[in-house]
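*Asks:* One structure is given below, represented as structure tokens, and several questions about it will come after.
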Amino acid sequence: MNITIIGAGNVGYHLATAFQQTDHHLLQIFSRNPKRFAHFPPILAKKCVSDWTSINPKSDVYIIAVNDQAIEEVSQKLKKTQVNGIVVHTSGATSTEVLRQHEQFGIFYPLQTFSLAKTVNWQAVPFCIDGNSQTVRNQLFQLAQQLSPTVHLITDKQRQALHVAAVFVNNFTNHLLTLGEEICQEFDVPFGILQPLIRETFEKVQSISPKIAQTGPAIRGDKTTIEKHLKLLQNHPDRQLLYHLISESIAK
């Protein structure tokens, strides 16, 4: 299949790199900001375009990998370019409705966090796909299997719920780790001391439910310890509030 990727951010870059190594033909990578191509290796850079008139209308799949607010605009641009292939987006929160102006459309959502500097192990990345017909679903399923052995057919509502869950387990969790690091820095304690605990926490939920794995003063109803912690956080009302709210949620 000929593949065009719209977007040169973290997701677009890593998808381009991955498809370059498959049997499929990475036809083009588009970004309206050519500066986004600066970090692309030469083999990919020569496939980069930044003018909508340069979009090849003969691609089999157009993967929109831009921020959610820009998906509908990009979809309209592709419609004006009169593309004939399947148009998909990679968002976890955006409905397929924004792509309905195309004859063939769907979802190509890799459930992972992407950073430019970190290589992606695609074999460990689950894909969530959907399409407006069984033919489209089959093609997207096969395309995703080129990158990962784990592919799920997921509806819009399921994908949006999954995205909320992902924010809790990834984005929120990472923010809590950031706060933990800041507390360590404030009291001159090496953050590295917590690394074994962090590792054990995430390894544990690979085999048992997080609910069963829950420990700490809140689940034990240890109000004395909780009050001590809140007092230690008194110079940071935002951290105090967050500690209080999460402790209440755990207790419930």
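As shown in the structure tokens, the chain order sets the letters A, B, ...; within each chain, residues go from 1, and ligands are also counted from 1 in the order they appear.
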Excluding segment 140-156 of chain A and residues on its chain fewer than 6 positions from it, collect all residues at most 9 Å away from it, counting only C-alpha atoms, and give them as a PyMOL selection string.
*Replies:* chain A and resi 1+18-19+22-24+61+86+92-96+106-108+110+122-131
*Asks:* Okay, now the selection with N, CA and C atoms, as a PDB file, in the first residue's frame?
*Replies:*
ATOM      1  N   MET A   1       0.834  -1.204   0.000  1.00  0.00           N
ATOM      2  CA  MET A   1       0.000   0.000   0.000  1.00  0.00           C
ATOM      3  C   MET A   1       0.869   1.254   0.000  1.00  0.00           C
ATOM      4  N   ALA A  18       8.571   3.927  11.123  1.00  0.00           N
ATOM      5  CA  ALA A  18       8.152   2.527  11.187  1.00  0.00           C
ATOM      6  C   ALA A  18       7.740   1.996   9.822  1.00  0.00           C
ATOM      7  N   PHE A  19       6.912   2.753   9.095  1.00  0.00           N
ATOM      8  CA  PHE A  19       6.443   2.283   7.792  1.00  0.00           C
ATOM      9  C   PHE A  19       7.559   2.228   6.760  1.00  0.00           C
ATOM     10  N   THR A  22       8.771  -1.296   6.506  1.00  0.00           N
ATOM     11  CA  THR A  22       7.842  -2.372   6.165  1.00  0.00           C
ATOM     12  C   THR A  22       7.820  -2.584   4.652  1.00  0.00           C
ATOM     13  N   ASP A  23       6.977  -3.514   4.226  1.00  0.00           N
ATOM     14  CA  ASP A  23       6.824  -3.779   2.792  1.00  0.00           C
ATOM     15  C   ASP A  23       5.967  -2.725   2.114  1.00  0.00           C
ATOM     16  N   HIS A  24       5.311  -1.877   2.906  1.00  0.00           N
ATOM     17  CA  HIS A  24       4.493  -0.819   2.324  1.00  0.00           C
ATOM     18  C   HIS A  24       5.376   0.329   1.843  1.00  0.00           C
ATOM     19  N   VAL A  61      -3.648   5.152   1.606  1.00  0.00           N
ATOM     20  CA  VAL A  61      -4.039   5.536   2.966  1.00  0.00           C
ATOM     21  C   VAL A  61      -3.415   6.879   3.306  1.00  0.00           C
ATOM     22  N   ILE A  86      -8.105   5.728   1.686  1.00  0.00           N
ATOM     23  CA  ILE A  86      -8.701   5.721   3.014  1.00  0.00           C
ATOM     24  C   ILE A  86      -8.087   6.862   3.831  1.00  0.00           C
ATOM     25  N   GLY A  92      -7.150   9.717  19.986  1.00  0.00           N
ATOM     26  CA  GLY A  92      -7.915   8.872  20.882  1.00  0.00           C
ATOM     27  C   GLY A  92      -9.251   9.483  21.266  1.00  0.00           C
ATOM     28  N   ALA A  93      -9.373  10.811  21.151  1.00  0.00           N
ATOM     29  CA  ALA A  93     -10.556  11.499  21.659  1.00  0.00           C
ATOM     30  C   ALA A  93     -11.498  12.029  20.581  1.00  0.00           C
ATOM     31  N   THR A  94     -11.050  12.093  19.339  1.00  0.00           N
ATOM     32  CA  THR A  94     -11.843  12.698  18.269  1.00  0.00           C
ATOM     33  C   THR A  94     -12.684  11.655  17.535  1.00  0.00           C
ATOM     34  N   SER A  95     -13.941  11.975  17.311  1.00  0.00           N
ATOM     35  CA  SER A  95     -14.862  11.064  16.644  1.00  0.00           C
ATOM     36  C   SER A  95     -14.497  10.875  15.171  1.00  0.00           C
ATOM     37  N   THR A  96     -14.989   9.792  14.605  1.00  0.00           N
ATOM     38  CA  THR A  96     -14.816   9.555  13.166  1.00  0.00           C
ATOM     39  C   THR A  96     -15.672  10.516  12.346  1.00  0.00           C
ATOM     40  N   GLY A 106     -11.592   6.119   8.603  1.00  0.00           N
ATOM     41  CA  GLY A 106     -11.512   5.276   9.796  1.00  0.00           C
ATOM     42  C   GLY A 106     -10.558   5.820  10.838  1.00  0.00           C
ATOM     43  N   ILE A 107     -10.198   4.931  11.749  1.00  0.00           N
ATOM     44  CA  ILE A 107      -9.338   5.256  12.888  1.00  0.00           C
ATOM     45  C   ILE A 107      -8.097   4.372  12.855  1.00  0.00           C
ATOM     46  N   PHE A 108      -6.953   4.986  13.162  1.00  0.00           N
ATOM     47  CA  PHE A 108      -5.691   4.256  13.227  1.00  0.00           C
ATOM     48  C   PHE A 108      -4.960   4.791  14.460  1.00  0.00           C
ATOM     49  N   PRO A 110      -2.675   4.395  17.674  1.00  0.00           N
ATOM     50  CA  PRO A 110      -1.683   3.641  18.447  1.00  0.00           C
ATOM     51  C   PRO A 110      -1.734   4.090  19.905  1.00  0.00           C
ATOM     52  N   TRP A 122       7.424  -0.933  18.504  1.00  0.00           N
ATOM     53  CA  TRP A 122       6.074  -1.094  17.968  1.00  0.00           C
ATOM     54  C   TRP A 122       5.465  -2.452  18.291  1.00  0.00           C
ATOM     55  N   GLN A 123       6.297  -3.448  18.536  1.00  0.00           N
ATOM     56  CA  GLN A 123       5.772  -4.767  18.881  1.00  0.00           C
ATOM     57  C   GLN A 123       4.994  -4.729  20.201  1.00  0.00           C
ATOM     58  N   ALA A 124       5.242  -3.713  21.008  1.00  0.00           N
ATOM     59  CA  ALA A 124       4.572  -3.600  22.312  1.00  0.00           C
ATOM     60  C   ALA A 124       3.474  -2.528  22.308  1.00  0.00           C
ATOM     61  N   VAL A 125       3.147  -1.993  21.138  1.00  0.00           N
ATOM     62  CA  VAL A 125       2.144  -0.934  21.036  1.00  0.00           C
ATOM     63  C   VAL A 125       0.826  -1.489  20.499  1.00  0.00           C
ATOM     64  N   PRO A 126      -0.246  -1.468  21.306  1.00  0.00           N
ATOM     65  CA  PRO A 126      -1.544  -1.913  20.780  1.00  0.00           C
ATOM     66  C   PRO A 126      -2.147  -0.859  19.857  1.00  0.00           C
ATOM     67  N   PHE A 127      -2.784  -1.317  18.790  1.00  0.00           N
ATOM     68  CA  PHE A 127      -3.471  -0.414  17.858  1.00  0.00           C
ATOM     69  C   PHE A 127      -4.973  -0.596  18.002  1.00  0.00           C
ATOM     70  N   CYS A 128      -5.693   0.505  17.964  1.00  0.00           N
ATOM     71  CA  CYS A 128      -7.153   0.493  17.941  1.00  0.00           C
ATOM     72  C   CYS A 128      -7.585   1.020  16.580  1.00  0.00           C
ATOM     73  N   ILE A 129      -8.365   0.234  15.861  1.00  0.00           N
ATOM     74  CA  ILE A 129      -8.768   0.641  14.513  1.00  0.00           C
ATOM     75  C   ILE A 129     -10.288   0.556  14.371  1.00  0.00           C
ATOM     76  N   ASP A 130     -10.789   1.270  13.382  1.00  0.00           N
ATOM     77  CA  ASP A 130     -12.195   1.183  12.988  1.00  0.00           C
ATOM     78  C   ASP A 130     -12.303   1.752  11.584  1.00  0.00           C
ATOM     79  N   GLY A 131     -13.392   1.453  10.900  1.00  0.00           N
ATOM     80  CA  GLY A 131     -13.583   1.957   9.549  1.00  0.00           C
ATOM     81  C   GLY A 131     -15.051   2.027   9.210  1.00  0.00           C
TER      82      GLY A 131
END
*Asks:* Report the residues of segment 59-242 of chain A whose backbone DSSP state falls under alpha helix (DSSP H), written as a ChimeraX atom specification.
*Replies:* /A:71-80,134-145,156-166,173-186,195-204,210-213,217-220,223-232,237-242
*Asks:* For Asn67 of chain A, find every residue with an atom within 12 Å (counting only C-alpha atoms), except residues of its own chain fewer than 4 positions away, and show them as a PyMOL selection string.
*Replies:* chain A and resi 6-12+71-74+89-94
*Asks:* Can you write just those residues out, C-alpha atoms, as a compact mmCIF listing (two decimals), in the first residue's frame?
*Replies:*
# COMPACT_ATOMS: atom_id res chain seq x y z
CA ILE A 6 -0.08 14.21 7.41
CA GLY A 7 1.81 15.66 10.36
CA ALA A 8 5.48 15.67 11.35
CA GLY A 9 5.13 15.73 15.13
CA ASN A 10 6.02 12.86 17.45
CA VAL A 11 3.35 10.44 16.18
CA GLY A 12 3.86 11.30 12.51
CA ILE A 71 -8.01 17.19 12.26
CA GLU A 72 -11.20 18.57 10.72
CA GLU A 73 -9.32 21.29 8.83
CA VAL A 74 -6.84 18.74 7.46
CA HIS A 89 -6.73 9.92 12.08
CA THR A 90 -4.65 8.83 15.07
CA SER A 91 -6.57 10.63 17.83
CA GLY A 92 -7.91 8.87 20.88
CA ALA A 93 -10.56 11.50 21.66
CA THR A 94 -11.84 12.70 18.27
*Asks:* Quote the spacing between atom CA of Tyr13 of chain A and atom CA of Val66 of chain A in Å to one decimal place.
*Replies:*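 Result for atom CA of Tyr13 of chain A versus atom CA of Val66 of chain A: 11.0 Å, one decimal.
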*Asks:* Can you pull out every residue within 10 Å of segment 244-248 of chain A, counting only C-alpha atoms, but drop anything in the same chain fewer than 5 positions away, and send it as a list in words?
*Replies:*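 Residues meeting the cut-off are Gly216, Pro217, Ala218, Ile219, Gly221, Ile226, Glu227, His229, Leu230, Asp238 and Arg239 of chain A.
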*Asks:* A:Ile5, A:Leu176, A:Val98, A:Ala165: which is nearest Asp68 of chain A, counting only C-alpha atoms?
*Replies:*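 Between A:Ile5, A:Leu176, A:Val98, A:Ala165, the residue approaching Asp68 of chain A most closely is A:Val98.
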*Asks:* Please identify which residues in segment 27-135 of chain A DSSP calls strand (DSSP E) from the backbone, and express them as a list in words.
*Replies:* Leu27, Gln28, Ile29, Phe30, Cys48, Val49, Val61, Tyr62, Ile63, Ile64, Ile86, Val87, Val88, His89, Phe105, Gly106, Ile107, Phe108, Tyr109, Pro110, Phe127, Cys128, Ile129, Asp130 and Gly131 of chain A
*Asks:* Got a sec: who's within 12 Å of Pro210 of chain A, counting only C-alpha atoms, leaving out chain neighbours fewer than 6 positions off, as a list in words?
*Replies:*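 Near Pro210 of chain A, the qualifying residues are Val169, Thr201, Phe202, Glu203, Lys204 and Ile250 of chain A.
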*Asks:* Would you put the residues from that selection into a file with N, CA and C atoms, as a PDB file, in the first residue's frame?
*Replies:*
ATOM      1  N   VAL A 169      -3.822   6.784  33.621  1.00  0.00           N
ATOM      2  CA  VAL A 169      -2.697   5.882  33.922  1.00  0.00           C
ATOM      3  C   VAL A 169      -1.357   6.398  33.407  1.00  0.00           C
ATOM      4  N   THR A 201       5.674  -0.845  41.579  1.00  0.00           N
ATOM      5  CA  THR A 201       4.282  -0.436  41.424  1.00  0.00           C
ATOM      6  C   THR A 201       3.749  -0.806  40.041  1.00  0.00           C
ATOM      7  N   PHE A 202       4.535  -0.519  39.009  1.00  0.00           N
ATOM      8  CA  PHE A 202       4.075  -0.787  37.649  1.00  0.00           C
ATOM      9  C   PHE A 202       4.216  -2.253  37.259  1.00  0.00           C
ATOM     10  N   GLU A 203       5.199  -2.930  37.818  1.00  0.00           N
ATOM     11  CA  GLU A 203       5.346  -4.360  37.539  1.00  0.00           C
ATOM     12  C   GLU A 203       4.213  -5.157  38.191  1.00  0.00           C
ATOM     13  N   LYS A 204       3.781  -4.724  39.359  1.00  0.00           N
ATOM     14  CA  LYS A 204       2.753  -5.439  40.108  1.00  0.00           C
ATOM     15  C   LYS A 204       1.436  -5.515  39.335  1.00  0.00           C
ATOM     16  N   ILE A 250      -9.339   7.222  47.058  1.00  0.00           N
ATOM     17  CA  ILE A 250      -8.851   5.886  47.418  1.00  0.00           C
ATOM     18  C   ILE A 250      -9.688   5.315  48.564  1.00  0.00           C
TER      19      ILE A 250
END
*Asks:* Can you work out which one of A:Ile43, A:Arg220, A:Ser75, A:Ile64 has the shortest atom-to-atom distance to Glu97 of chain A, counting only C-alpha atoms?
*Replies:*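 Of the candidates, the smallest distance to Glu97 of chain A is held by A:Ser75.
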*Asks:* Pick from A:His236, A:Thr17, A:Gln195, A:Asn171: nearest to Ile29 of chain A, with only C-alpha atoms counted?
*Replies:*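 Counting only C-alpha atoms, the residue closest to Ile29 of chain A is A:Thr17.
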*Asks:* Using only C-alpha atoms, which of the listed residues (A:Thr225, A:Thr113, A:Gln214, A:Phe168) sits closest to Ala251 of chain A?
*Replies:* A:Gln214
*Asks:* Give me, please, the distance in Å between atom CA of Gly192 of chain A and atom CA of Val205 of chain A, quoted to one decimal.
*Replies:* 21.2 Å
*Asks:* Counting only C-alpha atoms, what is within 12 Å of Ala45 of chain A, bar same-chain residues fewer than 4 positions away, as a PyMOL selection string?
*Replies:* chain A and resi 8+13+16-17+20+26-31+34-41+49-50
*Asks:* List as an NGL selection string the protein and nucleic acid residues near Lys79 of chain A, meaning an atom at most 10 Å away when only C-alpha atoms are counted, but skip any in the same chain fewer than 5 places from it.
*Replies:* :A and (57 or 73-74 or 84 or 87 or 99 or 101-103)
*Asks:* Next, the residues of the selection above should be written as a JSON list (two decimals), in the first residue's frame with N, CA and C atoms.
*Replies:*
[["chain", "number", "residue", "atom", "x", "y", "z"],
["A", 57, "PRO", "N", -2.58, 12.45, -4.87],
["A", 57, "PRO", "CA", -3.95, 11.95, -4.67],
["A", 57, "PRO", "C", -4.09, 10.44, -4.85],
["A", 73, "GLU", "N", -9.87, 20.42, 9.88],
["A", 73, "GLU", "CA", -9.32, 21.29, 8.83],
["A", 73, "GLU", "C", -8.49, 20.47, 7.83],
["A", 74, "VAL", "N", -7.66, 19.58, 8.33],
["A", 74, "VAL", "CA", -6.84, 18.74, 7.46],
["A", 74, "VAL", "C", -7.73, 17.84, 6.60],
["A", 84, "ASN", "N", -8.36, 9.76, -3.08],
["A", 84, "ASN", "CA", -9.28, 8.63, -3.25],
["A", 84, "ASN", "C", -9.07, 7.53, -2.22],
["A", 87, "VAL", "N", -8.93, 7.66, 4.48],
["A", 87, "VAL", "CA", -8.46, 8.75, 5.33],
["A", 87, "VAL", "C", -8.71, 8.37, 6.79],
["A", 99, "LEU", "N", -14.42, 12.88, 9.65],
["A", 99, "LEU", "CA", -13.88, 12.34, 8.39],
["A", 99, "LEU", "C", -14.98, 11.88, 7.44],
["A", 101, "GLN", "N", -16.81, 13.17, 5.31],
["A", 101, "GLN", "CA", -16.89, 13.70, 3.95],
["A", 101, "GLN", "C", -16.13, 12.84, 2.95],
["A", 102, "HIS", "N", -15.35, 11.89, 3.45],
["A", 102, "HIS", "CA", -14.59, 10.99, 2.58],
["A", 102, "HIS", "C", -15.35, 9.68, 2.37],
["A", 103, "GLU", "N", -15.17, 9.07, 1.21],
["A", 103, "GLU", "CA", -15.86, 7.82, 0.90],
["A", 103, "GLU", "C", -15.35, 6.68, 1.77]]
*Asks:* Quick check, in Å to one decimal: how far apart do atom CA of Gln158 of chain A and atom CA of Leu15 of chain A lie?
*Replies:*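 Separating atom CA of Gln158 of chain A from atom CA of Leu15 of chain A is a distance of 23.1 Å.
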*Asks:* Using only C-alpha atoms, which of A:Ile3, A:Tyr109, A:Lys252, A:Gln160 sits nearest Tyr62 of chain A?
*Replies:*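 With only C-alpha atoms as the atom set, the closest residue is A:Ile3.
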*Asks:* Identify which of the residues A:Leu241, A:His14, A:Gln234, A:Val88 lies closest to Val120 of chain A, counting only C-alpha atoms when measuring atom-to-atom distances.
*Replies:*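 Looking at the shortest contact to Val120 of chain A, the residue is A:His14.
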